[in-house]
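Heads up, structure.txt below (compact mmCIF, C-alpha atoms):
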```
# COMPACT_ATOMS: atom_id res chain seq x y z
CA TYR A 190 0.00 0.00 0.00
CA LEU A 191 1.08 3.57 -0.68
CA THR A 192 0.98 6.43 1.82
CA ASN A 193 -1.07 9.52 0.93
CA ASN A 194 2.07 11.33 -0.20
CA ALA A 195 3.42 8.40 -2.23
CA SER A 196 0.05 7.90 -3.92
CA MET A 197 -0.15 11.64 -4.66
CA HIS A 198 3.33 11.52 -6.25
CA ARG A 199 2.21 8.64 -8.43
CA TYR A 200 -0.99 10.54 -9.32
CA ILE A 201 1.13 13.55 -10.36
CA GLU A 202 3.32 11.35 -12.53
CA VAL A 203 0.21 9.96 -14.25
CA LEU A 204 -1.32 13.44 -14.61
CA THR A 205 1.82 14.94 -16.16
CA GLY A 206 3.10 11.88 -17.99
CA ALA A 207 6.32 12.07 -15.98
CA ALA A 208 8.61 9.11 -15.46
CA PHE A 209 11.60 8.60 -13.22
CA ASP A 210 14.93 8.99 -15.01
CA GLU A 211 17.60 6.96 -13.24
CA ALA A 212 20.40 8.89 -14.93
CA THR A 213 19.33 12.24 -13.47
CA GLY A 214 17.51 10.98 -10.38
CA GLN A 215 14.47 13.08 -11.31
CA SER A 216 11.03 12.53 -12.71
CA ILE A 217 10.89 14.02 -16.21
CA ILE A 218 7.70 15.22 -17.90
CA ALA A 219 7.64 13.42 -21.26
CA ALA A 220 5.73 16.14 -23.15
CA THR A 221 8.09 18.95 -22.16
CA GLY A 222 11.33 17.20 -21.18
CA ASN A 223 11.37 19.29 -18.01
CA PRO A 224 11.93 17.95 -14.51
CA LEU A 225 8.76 17.46 -12.47
CA LYS A 226 8.52 20.17 -9.79
CA TYR A 227 5.59 20.40 -7.44
CA ILE A 228 4.37 21.21 -3.95
CA TYR A 229 1.60 19.18 -2.36
CA SER A 230 -0.39 20.68 0.49
CA GLY A 231 -1.36 17.35 1.98
CA LEU A 232 -4.96 17.07 3.07
CA VAL A 233 -6.11 20.26 4.74
CA VAL A 234 -8.78 19.33 7.28
CA ASN A 235 -11.35 21.78 8.57
CA PRO A 236 -15.04 21.22 9.30
CA TYR A 237 -15.92 24.49 7.54
CA ILE A 238 -14.54 23.28 4.19
CA GLY A 239 -17.70 21.19 3.79
CA VAL A 240 -19.86 24.33 3.67
CA ILE A 241 -17.92 26.08 0.90
CA ARG A 242 -20.00 26.49 -2.26
CA HIS A 243 -17.86 24.21 -4.38
CA GLY A 244 -19.02 25.35 -7.81
CA ALA A 245 -18.31 29.00 -6.98
CA PHE A 246 -14.97 28.11 -5.33
CA PHE A 247 -13.66 26.22 -8.37
CA ALA A 248 -14.99 28.86 -10.77
CA THR A 249 -12.99 31.44 -8.82
CA CYS A 250 -9.95 29.15 -8.92
CA ARG A 251 -10.18 29.03 -12.73
CA GLU A 252 -10.64 32.83 -12.93
CA LYS A 253 -7.49 33.33 -10.84
CA GLY A 254 -5.47 30.87 -12.93
CA LEU A 255 -5.46 28.21 -10.22
CA SER A 256 -6.24 25.32 -12.52
CA TYR A 257 -4.30 22.65 -14.35
CA ASP A 258 -3.23 23.16 -17.97
CA THR A 259 -2.93 19.86 -19.81
CA GLN A 260 -0.84 21.43 -22.59
CA THR A 261 1.94 22.78 -20.35
CA CYS A 262 1.53 20.13 -17.61
CA GLN A 263 1.50 22.94 -15.05
CA GLY A 264 -0.97 24.47 -12.64
CA VAL A 265 -3.08 23.40 -9.70
CA ALA A 266 -4.78 20.04 -9.37
CA PHE A 267 -6.99 19.37 -6.37
CA HIS A 268 -7.13 16.26 -4.22
CA LEU A 269 -10.88 15.68 -3.97
CA VAL A 270 -11.50 11.97 -3.51
CA ASP A 271 -14.74 12.05 -1.48
CA VAL A 272 -13.32 14.64 0.87
CA LEU A 273 -14.95 18.05 0.34
CA LEU A 274 -18.14 17.28 2.20
CA LYS A 275 -16.07 15.65 4.92
CA GLY A 276 -14.14 18.89 5.40
CA CYS A 277 -10.92 18.06 3.53
CA ILE A 278 -9.16 19.38 0.46
CA GLY A 279 -5.67 19.04 -0.94
CA ALA A 280 -3.87 20.92 -3.68
CA VAL A 281 -0.84 20.06 -5.74
CA CYS A 282 0.88 22.92 -7.54
CA ILE A 283 2.98 21.85 -10.51
CA ALA A 284 5.27 24.49 -12.01
CA ASN A 285 8.56 25.07 -13.77
CA SER A 286 10.11 26.52 -10.60
CA PHE A 287 9.82 26.27 -6.84
CA SER A 288 8.86 29.95 -6.66
CA SER A 289 5.98 29.52 -9.13
CA ALA A 290 4.69 26.45 -7.28
CA VAL A 291 4.75 28.35 -3.97
CA THR A 292 2.93 31.29 -5.56
CA SER A 293 0.17 28.94 -6.74
CA LEU A 294 -0.12 27.33 -3.30
CA LEU A 295 -0.36 30.79 -1.73
CA GLY A 296 -3.18 31.58 -4.17
CA VAL A 297 -5.05 28.44 -3.08
CA GLN A 298 -4.51 29.31 0.60
CA GLN A 299 -5.74 32.89 0.08
CA LEU A 300 -8.83 31.65 -1.75
CA LEU A 301 -9.62 29.21 1.04
CA GLN A 302 -9.06 32.00 3.58
CA ALA A 303 -11.57 34.18 1.74
CA GLU A 304 -14.18 31.40 1.67
CA LEU A 305 -13.85 30.14 5.23
CA PRO A 306 -15.32 31.96 8.23
CA ARG A 307 -12.87 33.49 10.70
CA GLU A 308 -13.57 30.76 13.29
CA ALA A 309 -12.18 28.19 10.84
CA GLU A 310 -8.67 29.24 11.86
CA THR A 311 -9.17 27.93 15.39
CA ALA A 312 -11.50 24.97 14.76
CA ALA A 313 -10.59 22.08 17.06
CA ASP A 314 -10.65 19.29 14.46
CA SER A 315 -8.49 21.14 11.97
CA ASN A 316 -4.96 21.41 10.63
CA TYR A 317 -5.82 24.59 8.70
CA ALA A 318 -3.65 26.85 10.91
CA HIS A 319 -0.69 24.53 10.25
CA PHE A 320 -1.37 24.75 6.49
CA VAL A 321 -1.39 28.57 6.67
CA ALA A 322 1.87 28.54 8.66
CA ALA A 323 3.50 26.12 6.20
CA VAL A 324 2.54 28.31 3.22
CA LYS A 325 3.91 31.36 5.02
CA GLN A 326 7.18 29.49 5.67
CA LEU A 327 7.42 28.39 2.03
CA CYS A 328 6.86 31.97 0.89
CA SER A 329 9.82 33.09 2.98
CA LEU A 330 12.03 30.58 1.11
CA LYS A 331 11.20 31.60 -2.44
```

What would you get if you wrote out this structure as structure tokens?
Amino acid sequence: YLTNNASMHRYIEVLTGAAFDEATGQSIIAATGNPLKYIYSGLVVNPYIGVIRHGAFFATCREKGLSYDTQTCQGVAFHLVDVLLKGCIGAVCIANSFSSAVTSLLGVQQLLQAELPREAETAADSNYAHFVAAVKQLCSLK
């Protein structure tokens, strides 16, 4: 069995058509020849995620460029396997640089922040505050 992170890596390889290249030690995207670079949020858990109007949320994501482009094999893909109504969401940001991937993850975090009520930040059964802190830390590295 694969862990959540290992299965997400495999999902990303399937999504992008990437394959591991033993010579370079990297996964290479077949369509572009570029190394696979991504950041995965993990599953962000918060009971208020289940009340987000999903259609409007994903429409806003598309408007803000937070969607996956099959031609460039870059963008944001969401981890949504039966989790939204259970208060979970994950995002993987695939880009040509670490900085671009972090910028996309920040965009996802800001969109979630705008959709969630203020009390979501301190919800007991949540790792949302840790997600926000991790994004902030990543932004300081780019």

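Using all atoms listed in the file, the shortest contact distance between Glu304 in chain A and any of A:Leu204, A:Gln215, A:Arg242, A:Ala195 is found at A:Arg242.
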
Exercise for review: Would you kindly return, as a PyMOL selection string, each protein, DNA or RNA residue with an atom no farther than 10 Å from any atom of Leu232 in chain A, considering only C-alpha atoms and excluding same-chain residues fewer than 3 positions away?
Suggested key: chain A and resi 193-194+229+235+267-269+272+276-280+316-317+320

Preceding selection exported with C-alpha atoms as a short mmCIF file (atom, residue, chain, number, x, y, z; two decimals), keeping the file's coordinate frame:
```cif
data_model
loop_
_atom_site.label_atom_id
_atom_site.label_comp_id
_atom_site.auth_asym_id
_atom_site.auth_seq_id
_atom_site.Cartn_x
_atom_site.Cartn_y
_atom_site.Cartn_z
CA ASN A 193 -1.07 9.52 0.93
CA ASN A 194 2.07 11.33 -0.20
CA TYR A 229 1.60 19.18 -2.36
CA ASN A 235 -11.35 21.78 8.57
CA PHE A 267 -6.99 19.37 -6.37
CA HIS A 268 -7.13 16.26 -4.22
CA LEU A 269 -10.88 15.68 -3.97
CA VAL A 272 -13.32 14.64 0.87
CA GLY A 276 -14.14 18.89 5.40
CA CYS A 277 -10.92 18.06 3.53
CA ILE A 278 -9.16 19.38 0.46
CA GLY A 279 -5.67 19.04 -0.94
CA ALA A 280 -3.87 20.92 -3.68
CA ASN A 316 -4.96 21.41 10.63
CA TYR A 317 -5.82 24.59 8.70
CA PHE A 320 -1.37 24.75 6.49
#
```

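Among the candidate residues A:Tyr257, A:Phe247, A:Tyr237, A:Phe287, the one lying nearest to Ser315 in chain A is A:Tyr237, with distances computed using all atoms listed in the file.
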
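Between Ser293 in chain A and the candidates A:Ala312, A:Leu330, A:Leu191, A:Cys250, the tightest atom-to-atom separation, counting all atoms listed in the file, involves A:Cys250.
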
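We find CA of Ala284 in chain A and CA of Val234 in chain A to be spaced 24.4 Å apart.
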
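Closest approach to His243 in chain A among A:Gly231, A:Leu327, A:Leu300, A:Gly206: A:Leu300, based on only C-alpha atoms.
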
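Of the listed residues A:Cys328, A:Ala323, A:Ile228, A:Leu301, the one whose atoms come nearest to Phe246 in chain A is A:Leu301, with distances taken using all atoms listed in the file.
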
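Proximity of A:Gln326, A:Thr249, A:Thr259, A:Gln298 to Val203 in chain A, computed with only C-alpha atoms, is greatest for A:Thr259.
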
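CA of Ser256 in chain A lies 18.8 Å from CA of Ile238 in chain A.
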
Just add N, CA, C and O atoms to range 191-203 of chain A and send it as a tab-separated table (two decimals), keeping the file's coordinate frame.
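That gives us out.tsv:
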```
chain	number	residue	atom	x	y	z
A	191	LEU	N	0.36	2.30	-0.62
A	191	LEU	CA	1.08	3.57	-0.68
A	191	LEU	C	0.55	4.52	0.38
A	191	LEU	O	-0.64	4.54	0.67
A	192	THR	N	1.42	5.36	0.92
A	192	THR	CA	0.98	6.43	1.82
A	192	THR	C	0.25	7.48	0.99
A	192	THR	O	0.32	7.47	-0.25
A	193	ASN	N	-0.40	8.43	1.66
A	193	ASN	CA	-1.07	9.52	0.93
A	193	ASN	C	-0.08	10.27	0.05
A	193	ASN	O	-0.37	10.58	-1.11
A	194	ASN	N	1.10	10.57	0.58
A	194	ASN	CA	2.07	11.33	-0.20
A	194	ASN	C	2.63	10.52	-1.36
A	194	ASN	O	2.82	11.05	-2.46
A	195	ALA	N	2.91	9.24	-1.14
A	195	ALA	CA	3.42	8.40	-2.23
A	195	ALA	C	2.36	8.23	-3.32
A	195	ALA	O	2.68	8.28	-4.51
A	196	SER	N	1.11	8.06	-2.91
A	196	SER	CA	0.05	7.90	-3.92
A	196	SER	C	-0.16	9.22	-4.66
A	196	SER	O	-0.43	9.21	-5.87
A	197	MET	N	-0.01	10.35	-3.98
A	197	MET	CA	-0.15	11.64	-4.66
A	197	MET	C	1.00	11.83	-5.65
A	197	MET	O	0.79	12.32	-6.76
A	198	HIS	N	2.21	11.43	-5.30
A	198	HIS	CA	3.33	11.52	-6.25
A	198	HIS	C	3.05	10.69	-7.49
A	198	HIS	O	3.24	11.14	-8.62
A	199	ARG	N	2.53	9.50	-7.28
A	199	ARG	CA	2.21	8.64	-8.43
A	199	ARG	C	1.10	9.26	-9.28
A	199	ARG	O	1.15	9.24	-10.50
A	200	TYR	N	0.09	9.85	-8.62
A	200	TYR	CA	-0.99	10.54	-9.32
A	200	TYR	C	-0.42	11.67	-10.19
A	200	TYR	O	-0.80	11.84	-11.34
A	201	ILE	N	0.53	12.43	-9.63
A	201	ILE	CA	1.13	13.55	-10.36
A	201	ILE	C	1.92	13.05	-11.56
A	201	ILE	O	1.88	13.64	-12.64
A	202	GLU	N	2.61	11.93	-11.39
A	202	GLU	CA	3.32	11.35	-12.53
A	202	GLU	C	2.35	10.94	-13.63
A	202	GLU	O	2.61	11.18	-14.81
A	203	VAL	N	1.22	10.35	-13.26
A	203	VAL	CA	0.21	9.96	-14.25
A	203	VAL	C	-0.38	11.21	-14.90
A	203	VAL	O	-0.52	11.28	-16.13
```
